[in-house]
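As provided, final00.cif (mmCIF, C-alpha atoms) reads as follows.
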```cif
data_final
#
loop_
_atom_site.label_atom_id
_atom_site.label_comp_id
_atom_site.auth_asym_id
_atom_site.auth_seq_id
_atom_site.Cartn_x
_atom_site.Cartn_y
_atom_site.Cartn_z
CA MET A 1 0.00 0.00 0.00
CA ASN A 2 1.15 3.51 -0.83
CA ILE A 3 -0.56 6.02 1.47
CA ALA A 4 -0.22 9.81 1.68
CA VAL A 5 -0.96 11.49 5.03
CA ILE A 6 -1.90 15.10 4.36
CA GLY A 7 -2.88 17.91 6.70
CA LYS A 8 -6.15 19.47 5.51
CA ASN A 9 -5.77 22.84 7.18
CA PHE A 10 -2.80 24.87 8.54
CA GLY A 11 -0.91 22.00 10.16
CA ASP A 12 -1.17 20.66 13.73
CA GLU A 13 -4.00 18.33 12.62
CA GLY A 14 -2.52 15.07 13.95
CA LYS A 15 -0.34 13.76 11.10
CA GLY A 16 2.08 12.23 13.59
CA LEU A 17 -0.71 10.26 15.27
CA VAL A 18 -1.99 9.04 11.89
CA THR A 19 1.47 7.97 10.69
CA ASP A 20 2.05 6.11 13.95
CA TYR A 21 -1.37 4.44 13.62
CA LEU A 22 -0.70 3.28 10.07
CA ALA A 23 2.82 2.03 10.77
CA ALA A 24 1.54 -0.04 13.69
CA SER A 25 -0.54 -2.22 11.38
CA MET A 26 2.08 -2.70 8.66
CA GLU A 27 4.69 -5.43 8.39
CA ARG A 28 7.65 -3.36 7.17
CA PRO A 29 6.70 0.22 6.37
CA LEU A 30 8.94 3.00 5.06
CA VAL A 31 7.91 6.53 5.95
CA ILE A 32 8.86 9.23 3.45
CA ARG A 33 9.33 12.80 4.67
CA HIS A 34 8.81 14.88 1.56
CA ASN A 35 8.20 18.53 2.36
CA GLY A 36 9.43 21.20 4.70
CA GLY A 37 12.19 20.23 7.10
CA ALA A 38 13.09 20.32 10.77
CA GLN A 39 10.47 22.99 11.50
CA SER A 40 7.68 20.41 11.59
CA GLY A 41 6.74 19.03 14.98
CA HIS A 42 4.74 15.80 14.86
CA THR A 43 3.81 14.41 18.26
CA VAL A 44 3.46 10.71 19.01
CA GLU A 45 2.18 9.62 22.40
CA THR A 46 1.44 6.42 24.26
CA PRO A 47 0.51 5.98 27.93
CA SER A 48 4.27 5.59 28.58
CA TYR A 49 6.02 8.14 26.38
CA ARG A 50 5.66 11.31 24.33
CA PHE A 51 8.01 12.45 21.58
CA VAL A 52 7.94 15.26 19.01
CA PHE A 53 9.41 14.25 15.65
CA HIS A 54 11.07 16.81 13.40
CA GLU A 55 13.19 14.85 10.92
CA LEU A 56 12.70 11.22 11.93
CA SER A 57 9.39 9.76 10.87
CA SER A 58 6.43 9.51 13.22
CA GLY A 59 6.43 5.78 12.54
CA SER A 60 9.77 5.38 14.29
CA PHE A 61 8.39 3.78 17.46
CA ARG A 62 6.95 1.06 15.18
CA HIS A 63 10.46 0.46 13.78
CA ALA A 64 9.55 2.15 10.49
CA ASP A 65 12.59 3.47 8.64
CA THR A 66 12.71 7.07 7.40
CA LEU A 67 13.46 8.25 3.88
CA TRP A 68 14.08 11.92 3.11
CA ALA A 69 12.84 12.65 -0.41
CA ASP A 70 14.75 15.17 -2.50
CA THR A 71 11.96 17.68 -1.80
CA PHE A 72 12.67 17.58 1.96
CA TYR A 73 15.18 20.01 3.51
CA PRO A 74 16.74 18.27 6.54
CA ASP A 75 18.89 20.09 9.07
CA LEU A 76 21.87 17.83 9.78
CA TYR A 77 23.11 20.21 12.46
CA LYS A 78 20.01 19.47 14.57
CA LEU A 79 19.73 15.79 13.71
CA GLU A 80 21.87 14.40 16.53
CA GLU A 81 19.72 16.04 19.21
CA GLU A 82 16.61 14.32 17.85
CA ILE A 83 18.35 10.99 17.37
CA GLU A 84 19.71 10.93 20.91
CA GLY A 85 16.40 12.07 22.39
CA PHE A 86 14.59 9.27 20.60
CA ARG A 87 17.25 6.69 21.49
CA GLN A 88 16.92 7.50 25.20
CA ILE A 89 13.19 6.70 25.05
CA ALA A 90 13.07 3.87 22.52
CA GLY A 91 16.51 2.28 22.88
CA PHE A 92 17.08 2.10 19.11
CA ILE A 93 17.21 4.23 15.96
CA PRO A 94 15.53 3.17 12.71
CA ASN A 95 17.48 3.57 9.49
CA ILE A 96 17.57 7.06 8.00
CA TYR A 97 17.78 7.16 4.21
CA ALA A 98 17.97 10.08 1.80
CA GLU A 99 17.71 10.45 -1.92
CA PRO A 100 21.12 11.49 -3.34
CA ASP A 101 19.91 14.96 -4.32
CA THR A 102 18.30 15.79 -0.97
CA ALA A 103 19.58 19.25 -0.01
CA ILE A 104 20.23 20.41 3.54
CA THR A 105 19.58 23.67 5.31
CA THR A 106 22.73 25.45 6.49
CA ILE A 107 23.51 27.74 9.38
CA ASP A 108 23.45 30.71 6.99
CA ASP A 109 19.89 29.81 5.93
CA VAL A 110 18.80 29.81 9.56
CA LEU A 111 20.51 33.09 10.41
CA LEU A 112 19.18 34.83 7.29
CA ASN A 113 15.69 33.56 8.13
CA MET A 114 15.93 34.87 11.68
CA ALA A 115 17.30 38.24 10.56
CA ILE A 116 14.46 38.77 8.09
CA GLU A 117 11.68 37.59 10.39
CA ARG A 118 12.87 39.65 13.35
CA SER A 119 13.07 42.71 11.09
CA ARG A 120 9.42 42.34 10.12
CA GLY A 121 8.35 43.20 13.65
CA ASP A 122 4.56 43.13 13.91
CA TYR A 123 4.33 42.02 10.26
CA ARG A 124 6.03 38.65 10.59
CA HIS A 125 5.15 35.93 8.11
CA GLY A 126 4.96 33.25 10.80
CA SER A 127 8.27 31.55 10.07
CA CYS A 128 9.70 29.16 12.66
CA GLY A 129 13.16 30.64 12.09
CA MET A 130 14.48 27.29 10.81
CA GLY A 131 15.72 28.48 7.41
CA ILE A 132 13.41 26.46 5.14
CA ASN A 133 12.46 29.30 2.81
CA GLU A 134 16.02 30.61 2.70
CA CYS A 135 17.25 27.11 1.88
CA ASP A 136 14.76 26.94 -0.97
CA ILE A 137 15.86 30.33 -2.33
CA ARG A 138 19.55 29.33 -2.14
CA CYS A 139 18.94 26.02 -3.89
CA ARG A 140 17.04 27.72 -6.70
CA ALA A 141 19.95 30.16 -7.03
CA GLY A 142 22.24 27.23 -7.86
CA PHE A 143 23.90 26.69 -4.47
CA ARG A 144 22.28 23.37 -3.57
CA LEU A 145 24.28 21.38 -0.99
CA THR A 146 23.16 17.76 -1.11
CA ILE A 147 23.71 14.93 1.31
CA SER A 148 25.54 12.90 -1.34
CA LYS A 149 27.97 15.78 -1.88
CA ILE A 150 28.53 16.13 1.85
CA LYS A 151 29.25 12.43 2.24
CA SER A 152 31.81 12.60 -0.56
CA LYS A 153 33.80 15.36 1.15
CA THR A 154 36.29 15.53 3.97
CA GLU A 155 35.44 17.72 6.94
CA GLN A 156 37.84 20.38 5.71
CA ASP A 157 36.31 20.23 2.22
CA LEU A 158 32.89 20.86 3.74
CA ILE A 159 34.19 23.86 5.68
CA GLN A 160 35.58 25.28 2.46
CA THR A 161 32.30 24.63 0.64
CA LEU A 162 30.32 26.51 3.29
CA ARG A 163 32.86 29.34 3.19
CA TYR A 164 32.48 29.50 -0.58
CA GLN A 165 28.69 29.67 -0.28
CA ARG A 166 28.97 32.37 2.35
CA GLN A 167 31.27 34.41 0.10
CA GLU A 168 29.50 33.86 -3.22
CA TYR A 169 25.87 33.57 -2.13
CA THR A 170 25.19 34.78 1.44
CA LYS A 171 26.86 38.16 0.88
CA GLN A 172 24.74 38.72 -2.23
CA ARG A 173 21.62 37.62 -0.41
CA LEU A 174 22.32 40.08 2.40
CA LYS A 175 22.79 42.86 -0.14
CA ALA A 176 19.46 41.97 -1.78
CA ILE A 177 17.53 42.17 1.52
CA GLU A 178 19.42 45.00 3.23
CA ARG A 179 16.59 47.49 2.66
CA ILE A 180 14.20 45.43 4.83
CA LEU A 181 16.63 44.66 7.65
CA THR A 182 16.39 46.62 10.88
CA SER A 183 18.52 46.88 13.99
CA GLU A 184 16.78 43.69 15.20
CA ALA A 185 18.84 41.79 12.60
CA GLU A 186 22.28 43.04 13.68
CA SER A 187 23.14 40.14 15.99
CA TYR A 188 22.31 37.60 13.25
CA ILE A 189 24.36 39.49 10.67
CA ASP A 190 27.30 39.47 13.08
CA LEU A 191 27.02 35.67 13.29
CA LEU A 192 26.97 35.48 9.49
CA ARG A 193 30.43 37.05 9.56
CA ASP A 194 31.75 34.76 12.30
CA ASP A 195 33.91 31.99 10.84
CA SER A 196 33.86 29.96 14.06
CA ILE A 197 30.08 29.61 13.78
CA LEU A 198 30.50 28.25 10.27
CA ILE A 199 33.27 25.83 11.29
CA ASN A 200 31.31 24.44 14.24
CA SER A 201 28.26 23.96 12.03
CA ALA A 202 30.30 22.18 9.35
CA ARG A 203 31.74 19.77 11.88
CA GLU A 204 28.31 18.84 13.21
CA ILE A 205 26.93 18.43 9.70
CA TYR A 206 29.85 16.25 8.66
CA LYS A 207 29.51 14.05 11.74
CA ASN A 208 25.74 13.68 11.52
CA ALA A 209 25.77 12.91 7.80
CA LYS A 210 27.28 9.55 8.77
CA GLN A 211 23.88 8.63 10.26
CA VAL A 212 22.24 8.90 6.83
CA ILE A 213 22.28 6.24 4.11
CA ILE A 214 22.00 7.32 0.48
CA GLN A 215 19.13 5.46 -1.18
CA GLU A 216 17.74 5.61 -4.71
CA PRO A 217 13.93 5.30 -4.95
CA LYS A 218 14.28 2.19 -7.12
CA ASP A 219 16.02 0.39 -4.24
CA ILE A 220 13.13 0.43 -1.74
CA GLN A 221 11.24 -2.64 -2.99
CA THR A 222 11.95 -4.55 0.23
CA TYR A 223 9.39 -2.44 2.14
CA SER A 224 5.81 -3.69 2.43
CA ASP A 225 4.22 -0.24 2.47
CA LEU A 226 5.09 3.40 1.81
CA ILE A 227 3.68 6.17 4.01
CA PHE A 228 4.18 9.76 2.85
CA GLU A 229 4.20 11.88 6.00
CA GLY A 230 3.43 15.46 5.06
CA GLY A 231 4.45 18.55 6.95
CA GLN A 232 2.19 21.61 7.46
CA GLY A 233 -1.25 21.58 5.80
CA LEU A 234 -2.94 22.27 2.47
CA LEU A 235 -3.81 25.85 3.36
CA LEU A 236 -0.09 26.62 3.82
CA ASP A 237 0.93 25.21 0.43
CA LYS A 238 3.44 27.45 -1.38
CA ASP A 239 0.97 27.96 -4.25
CA ASN A 240 -2.00 28.91 -2.06
CA GLU A 241 -2.38 32.56 -3.04
CA GLU A 242 -5.34 33.07 -0.71
CA TYR A 243 -3.07 32.90 2.33
CA ALA A 244 0.14 34.37 0.88
CA PRO A 245 2.60 35.55 2.08
CA ASN A 246 1.93 33.60 5.27
CA VAL A 247 2.56 30.20 3.67
CA THR A 248 5.38 27.69 3.57
CA ALA A 249 8.02 27.25 0.86
CA SER A 250 6.97 23.72 -0.04
CA SER A 251 4.16 21.68 -1.57
CA THR A 252 2.08 20.28 1.27
CA GLY A 253 -0.33 18.02 -0.63
CA LEU A 254 -0.04 15.30 -3.24
CA THR A 255 2.56 16.99 -5.47
CA ASN A 256 5.64 15.39 -3.92
CA PRO A 257 4.17 11.90 -3.28
CA LYS A 258 2.95 11.85 -6.89
CA ALA A 259 6.44 12.77 -8.17
CA PHE A 260 8.13 10.14 -5.99
CA LEU A 261 5.72 7.37 -7.02
CA THR A 262 6.26 8.29 -10.67
CA LYS A 263 9.97 7.51 -10.21
CA ILE A 264 9.17 3.98 -9.11
CA ASN A 265 6.18 3.54 -11.43
CA GLN A 266 3.68 2.87 -8.65
CA PRO A 267 0.23 4.34 -7.98
CA LEU A 268 -1.10 6.03 -4.88
CA ASP A 269 -3.52 3.70 -3.10
CA GLU A 270 -4.96 6.02 -0.45
CA ALA A 271 -4.88 9.71 0.35
CA ILE A 272 -5.73 10.39 4.00
CA TYR A 273 -6.63 14.01 4.79
CA VAL A 274 -6.25 14.80 8.47
CA SER A 275 -8.25 17.44 10.33
CA ARG A 276 -9.14 18.29 13.87
CA THR A 277 -12.86 18.77 14.47
CA TYR A 278 -11.94 22.46 14.63
CA VAL A 279 -9.17 24.52 13.03
CA THR A 280 -5.86 25.74 14.43
CA ARG A 281 -3.20 28.02 13.04
CA HIS A 282 0.22 28.78 14.53
CA GLY A 283 1.56 32.17 13.53
CA PRO A 284 0.11 35.24 11.78
CA GLY A 285 -2.00 35.34 8.65
CA LYS A 286 -5.59 35.00 7.55
CA LEU A 287 -7.77 32.66 9.64
CA ASN A 288 -11.44 32.55 8.71
CA HIS A 289 -13.96 32.10 11.52
CA GLU A 290 -11.31 32.75 14.17
CA CYS A 291 -12.38 32.64 17.80
CA THR A 292 -10.89 32.04 21.21
CA ARG A 293 -10.12 28.66 22.70
CA GLN A 294 -12.59 29.47 25.47
CA THR A 295 -15.34 30.06 22.88
CA LEU A 296 -14.85 26.59 21.46
CA ASN A 297 -15.02 25.09 24.95
CA LEU A 298 -13.77 21.59 25.84
CA ILE A 299 -10.48 22.09 23.98
CA GLN A 300 -7.45 21.08 25.99
CA THR A 301 -4.10 22.89 26.13
CA ASP A 302 -1.92 21.84 23.21
CA GLN A 303 1.37 20.58 24.68
CA THR A 304 3.26 20.64 21.36
CA ASN A 305 2.24 24.10 20.17
CA LEU A 306 3.09 26.20 23.19
CA PRO A 307 3.61 29.95 22.70
CA ASN A 308 7.04 30.82 21.29
CA GLU A 309 8.85 33.94 20.15
CA TRP A 310 8.65 33.07 16.46
CA GLN A 311 5.00 32.12 15.98
CA GLY A 312 3.27 33.43 19.09
CA SER A 313 0.33 31.47 20.44
CA LEU A 314 -1.79 28.82 18.75
CA ARG A 315 -4.93 30.33 17.23
CA TYR A 316 -8.34 28.69 16.93
CA ALA A 317 -11.31 28.75 14.57
CA THR A 318 -14.30 26.73 13.46
CA HIS A 319 -14.52 25.21 10.00
CA GLY A 320 -16.66 27.13 7.50
CA THR A 321 -19.35 25.34 5.55
CA ALA A 322 -19.15 21.72 4.39
CA GLN A 323 -18.03 23.04 1.00
CA ASP A 324 -15.31 25.12 2.64
CA PHE A 325 -14.24 21.95 4.42
CA THR A 326 -13.86 19.96 1.21
CA ASP A 327 -12.56 22.61 -1.22
CA PRO A 328 -8.84 22.25 -0.33
CA VAL A 329 -9.06 18.48 -0.77
CA ARG A 330 -10.79 18.76 -4.14
CA ARG A 331 -8.12 21.16 -5.39
CA ASP A 332 -5.38 18.82 -4.22
CA LEU A 333 -6.89 15.76 -5.88
CA LYS A 334 -7.02 17.50 -9.27
CA GLN A 335 -3.29 17.04 -9.74
CA LEU A 336 -3.45 13.24 -9.73
CA PRO A 337 -2.62 11.58 -13.08
CA LYS A 338 -5.72 10.83 -15.15
CA ASN A 339 -4.23 7.58 -16.46
CA GLN A 340 -3.94 5.93 -13.03
CA PRO A 341 -6.57 4.41 -10.73
CA THR A 342 -8.16 6.93 -8.39
CA PRO A 343 -6.93 6.35 -4.83
CA THR A 344 -9.23 5.86 -1.89
CA VAL A 345 -9.91 9.33 -0.47
CA SER A 346 -10.19 9.27 3.31
CA LEU A 347 -10.83 11.71 6.12
CA PHE A 348 -9.15 11.23 9.49
CA LEU A 349 -10.85 13.37 12.16
CA THR A 350 -8.85 13.91 15.35
CA HIS A 351 -9.55 15.52 18.74
CA ILE A 352 -13.21 14.49 18.61
CA ASN A 353 -13.18 13.95 22.38
CA GLU A 354 -12.51 17.66 22.86
CA THR A 355 -15.67 18.65 21.02
CA ASP A 356 -18.01 15.98 22.36
CA ASN A 357 -18.09 14.03 19.06
CA LYS A 358 -19.07 17.11 17.07
CA VAL A 359 -17.50 18.94 14.13
CA LEU A 360 -17.42 22.70 14.65
CA LEU A 361 -18.74 24.54 11.57
CA SER A 362 -19.36 28.26 11.24
CA ALA A 363 -23.12 27.62 11.47
CA GLY A 364 -22.72 25.63 14.69
CA LYS A 365 -21.75 22.25 16.10
CA ILE A 366 -22.83 19.19 14.16
CA ASP A 367 -22.71 15.59 15.39
CA ILE A 368 -20.17 13.45 13.52
CA ASN A 369 -22.87 10.94 12.53
CA GLU A 370 -24.77 13.77 10.85
CA PHE A 371 -21.61 15.39 9.44
CA VAL A 372 -20.65 12.30 7.43
CA THR A 373 -24.09 12.27 5.77
CA LEU A 374 -23.74 15.82 4.42
CA GLU A 375 -23.72 15.73 0.62
CA GLU A 376 -20.33 17.45 0.23
CA ILE A 377 -18.69 15.06 2.68
CA LYS A 378 -20.38 11.91 1.44
CA LYS A 379 -19.53 12.61 -2.21
CA LEU A 380 -15.84 13.27 -1.58
CA PHE A 381 -14.65 10.84 1.08
CA ASP A 382 -14.69 7.08 0.57
CA LYS A 383 -13.56 6.24 4.08
CA MET A 384 -13.64 7.81 7.54
CA TYR A 385 -11.28 7.43 10.51
CA LEU A 386 -12.08 8.87 13.94
CA SER A 387 -9.72 9.48 16.85
CA ASP A 388 -10.75 10.46 20.35
CA ARG A 389 -7.37 9.81 21.98
CA ARG A 390 -3.93 11.42 21.95
CA TYR A 391 -2.29 8.16 20.91
CA ALA A 392 -2.86 5.29 18.49
CA ASP A 393 -3.60 1.79 19.68
CA ALA A 394 -1.24 -0.81 18.27
#
```
Taking this structure as input, can you express it in the form of structure tokens?
Amino acid sequence: MNIAVIGKNFGDEGKGLVTDYLAASMERPLVIRHNGGAQSGHTVETPSYRFVFHELSSGSFRHADTLWADTFYPDLYKLEEEIEGFRQIAGFIPNIYAEPDTAITTIDDVLLNMAIERSRGDYRHGSCGMGINECDIRCRAGFRLTISKIKSKTEQDLIQTLRYQRQEYTKQRLKAIERILTSEAESYIDLLRDDSILINSAREIYKNAKQVIIQEPKDIQTYSDLIFEGGQGLLLDKDNEEYAPNVTASSTGLTNPKAFLTKINQPLDEAIYVSRTYVTRHGPGKLNHECTRQTLNLIQTDQTNLPNEWQGSLRYATHGTAQDFTDPVRRDLKQLPKNQPTPTVSLFLTHINETDNKVLLSAGKIDINEFVTLEEIKKLFDKMYLSDRRYADA
């Protein structure tokens, strides 16, 4: 089975829970991280443990290996912290694979990101300060630094490569954005001129790259199932003009899974769209039907999305109409190849315990049993999953 797990809204829907749930029932799954990077935070819980995944897959507790597609931007500098945190809880580390052309974020990407976002003041875009957009801009400018290139270098070669990028790219990027930078960016610009910061980053990257195995897509036939674990949600897709500029730099729906499956000449069997019974958004930007957490009632404090200096506090809203609910999914499904079988289209509703088994629409609360009979919902979704717990049963 080839299954794509896609956030229907702005992220924070429960994609980690769904990936964990799927991996638990599969013999030998491979989970493919295909968009965004280390900024994603997917929580997996059991009665005994709780872990937030950033670059490892959310199927890791089920011994599912992770593959980074070449559309994913991992942060090798941060990888060791996640690996060691997971090892302390689980006692093992699944294999981490990457396509040869998978590009990494660098320390300069992160510092440029922070400098720009801090300079925006009250007009921030909602970035996590993890350098994903800056990495994307650098790669499109021709300065892509891939994992295969890193693994072919010595540590000193890597230091020289990062120095070259700082000289030939970062300086030009700073010049291009200097008009928008304020005094809030000065400390980050100072770090961009500090060679010791670059050297320390290169050493960590070089060391942590040894944890990653280069893998061509054609060489994954030994796995029983593929799970595409998306980051963010459809409403934050890079091409979603309705919510620009407060969107991500990546494709959050079926674009990347479709491209990967084309490489191995396999179809998509199921697309699972994940949504809470209400809507959340972390960071600034448009949020239709926004209200307070207290207004929604019954909603518990979100332990993963606590207030932070980059994105502020988690925001809340109801869904709009049933058509509003389905529109993002319909748009996403349009990109599937016409010459392949249509996958099963599923809805995975999470947090239903917080809303007393009701979906919160702009017109009011509606019982889930009634919600699934609405014409828009019934026509679109072939299958329904419901979760009223913070963790998946094995």
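In this comparison, which uses all atoms listed in the file, the residue of A:Cys135, A:Leu112, A:Leu30, A:Ala90 approaching Ser250 (chain A) most closely is A:Cys135.
CA of Leu145 (chain A) is positioned 26.1 Å from CA of Pro245 (chain A).
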Give me, as a tab-separated table, the closest atom pair and its distance (Å, one decimal) for every residue of region 328-359 of chain A within a cut-off of 9 Å of region 277-296 of chain A, counting all atoms listed in the file, rows sorted by chain and rising number.
```
residue	atom	partner	partner_atom	distance
A:Leu349	CA	A:Thr277	CA	6.2
A:Thr350	CA	A:Thr277	CA	6.4
A:His351	CA	A:Thr277	CA	6.3
A:Ile352	CA	A:Thr277	CA	6.0
A:Glu354	CA	A:Thr277	CA	8.5
A:Thr355	CA	A:Thr277	CA	7.1
A:Asn357	CA	A:Thr277	CA	8.4
A:Lys358	CA	A:Thr277	CA	6.9
A:Val359	CA	A:Thr277	CA	4.7
```
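All residues of protein, DNA or RNA that reach within 8 Å of region 320-335 of chain A, judged by only C-alpha atoms and not counting those fewer than 3 positions away in the chain, are Lys8, Leu234, Leu235, Gly253, Leu254, Thr255, Tyr273, Asn288, His289, Leu361, Ser362, Ala363, Leu374, Glu376, Ile377 and Leu380 of chain A.
The two atoms in question, CA of Glu13 (chain A) and CA of Tyr223 (chain A), are spaced 26.8 Å apart.
Residues matched by the PyMOL selection byres ((chain A and resi 182-192) around 8) in this structure: Asp108, Leu111, Leu112, Met114, Ala115, Ile116, Arg118, Ser119, Ile180, Leu181, Arg193, Asp194, Asp195 and Ile197 of chain A.
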Padding of 6 Å on every side, edges along x, y and z, all listed atoms of region 324-341 of chain A included: what centre and edge lengths in Å, to one decimal, does that box have, as AutoDock Vina command-line options?
```
--center_x -9.0 --center_y 14.8 --center_z -6.0 --size_x 24.7 --size_y 32.7 --size_z 32.9
```
Fill in the blank from the handout: Computed gap from CA of Ile96 (chain A) to CA of Val52 (chain A) is 16.8 Å
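Shortest separation to Leu236 (chain A) among A:Pro257, A:Pro74, A:Gly7, A:Gly142 occurs at residue A:Gly7, atoms counted being all atoms listed in the file.
Minimum atom-to-atom distances from A:Gln232, A:Ser275, A:Asn240, A:Thr146 to Gly11 (chain A) were compared using all atoms listed in the file, and the lowest value belongs to A:Gln232.
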Enumerate, in order of chain and increasing residue number, the residues of region 94-130 of chain A with an atom no farther than 9 Å from region 54-67 of chain A, each with its shortest atom pair and distance in Å to one decimal, counting all atoms listed in the file, as a Markdown table.
```
| residue | atom | partner | partner_atom | distance |
| --- | --- | --- | --- | --- |
| A:Pro94 | CA | A:Asp65 | CA | 5.0 |
| A:Asn95 | CA | A:Asp65 | CA | 5.0 |
| A:Ile96 | CA | A:Thr66 | CA | 4.9 |
| A:Tyr97 | CA | A:Leu67 | CA | 4.5 |
| A:Ala98 | CA | A:Leu67 | CA | 5.3 |
| A:Glu99 | CA | A:Leu67 | CA | 7.5 |
```
Handout entry: Contacts of Ser224 (chain A) at 8 Å (only C-alpha atoms; same-chain gap of 4+ positions) as a count of residues only
Key = 6
Residue contacts of Tyr77 (chain A) (12 Å, all atoms listed in the file) excluding same-chain residues fewer than 4 positions away, as a PDB file with C-alpha atoms, in the frame of the given file:
```pdb
ATOM      1  CA  ALA A  38      13.090  20.320  10.770  1.00  0.00           C
ATOM      2  CA  GLU A  55      13.190  14.850  10.920  1.00  0.00           C
ATOM      3  CA  TYR A  73      15.180  20.010   3.510  1.00  0.00           C
ATOM      4  CA  GLU A  81      19.720  16.040  19.210  1.00  0.00           C
ATOM      5  CA  GLU A  82      16.610  14.320  17.850  1.00  0.00           C
ATOM      6  CA  ILE A  83      18.350  10.990  17.370  1.00  0.00           C
ATOM      7  CA  ILE A 104      20.230  20.410   3.540  1.00  0.00           C
ATOM      8  CA  THR A 105      19.580  23.670   5.310  1.00  0.00           C
ATOM      9  CA  THR A 106      22.730  25.450   6.490  1.00  0.00           C
ATOM     10  CA  ILE A 107      23.510  27.740   9.380  1.00  0.00           C
ATOM     11  CA  ASP A 108      23.450  30.710   6.990  1.00  0.00           C
ATOM     12  CA  VAL A 110      18.800  29.810   9.560  1.00  0.00           C
ATOM     13  CA  MET A 130      14.480  27.290  10.810  1.00  0.00           C
ATOM     14  CA  ILE A 197      30.080  29.610  13.780  1.00  0.00           C
ATOM     15  CA  LEU A 198      30.500  28.250  10.270  1.00  0.00           C
ATOM     16  CA  ILE A 199      33.270  25.830  11.290  1.00  0.00           C
ATOM     17  CA  ASN A 200      31.310  24.440  14.240  1.00  0.00           C
ATOM     18  CA  SER A 201      28.260  23.960  12.030  1.00  0.00           C
ATOM     19  CA  ALA A 202      30.300  22.180   9.350  1.00  0.00           C
ATOM     20  CA  ARG A 203      31.740  19.770  11.880  1.00  0.00           C
ATOM     21  CA  GLU A 204      28.310  18.840  13.210  1.00  0.00           C
ATOM     22  CA  ILE A 205      26.930  18.430   9.700  1.00  0.00           C
ATOM     23  CA  TYR A 206      29.850  16.250   8.660  1.00  0.00           C
ATOM     24  CA  LYS A 207      29.510  14.050  11.740  1.00  0.00           C
ATOM     25  CA  ASN A 208      25.740  13.680  11.520  1.00  0.00           C
ATOM     26  CA  ALA A 209      25.770  12.910   7.800  1.00  0.00           C
ATOM     27  CA  GLN A 211      23.880   8.630  10.260  1.00  0.00           C
TER      28      GLN A 211
END
```
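Minimum atom-to-atom distance to Ala259 (chain A), evaluated using all atoms listed in the file, belongs to A:Asp70 out of A:Asp70, A:Val5, A:Ile132, A:Phe348.
The residue that comes closest to Met384 (chain A), out of A:His319, A:Asn339, A:Thr46, A:Val274 and on the basis of all atoms listed in the file, is A:Val274.
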Problem - Evaluate the PyMOL selection byres ((chain A and resi 249) around 8) and report residues as an MDAnalysis selection string - result: chainID A and resid 36 132:133 136 237:238 247:248 250:251
Writing out the chosen residues with C-alpha atoms as a compact mmCIF listing (two decimals), in the coordinates of the input:
```
# COMPACT_ATOMS: atom_id res chain seq x y z
CA GLY A 36 9.43 21.20 4.70
CA ILE A 132 13.41 26.46 5.14
CA ASN A 133 12.46 29.30 2.81
CA ASP A 136 14.76 26.94 -0.97
CA ASP A 237 0.93 25.21 0.43
CA LYS A 238 3.44 27.45 -1.38
CA VAL A 247 2.56 30.20 3.67
CA THR A 248 5.38 27.69 3.57
CA SER A 250 6.97 23.72 -0.04
CA SER A 251 4.16 21.68 -1.57
```
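Checking A:Thr19, A:Gln88, A:Gln160, A:Thr222 one by one against Arg33 (chain A), counting all atoms listed in the file, you find the shortest gap at A:Thr19.
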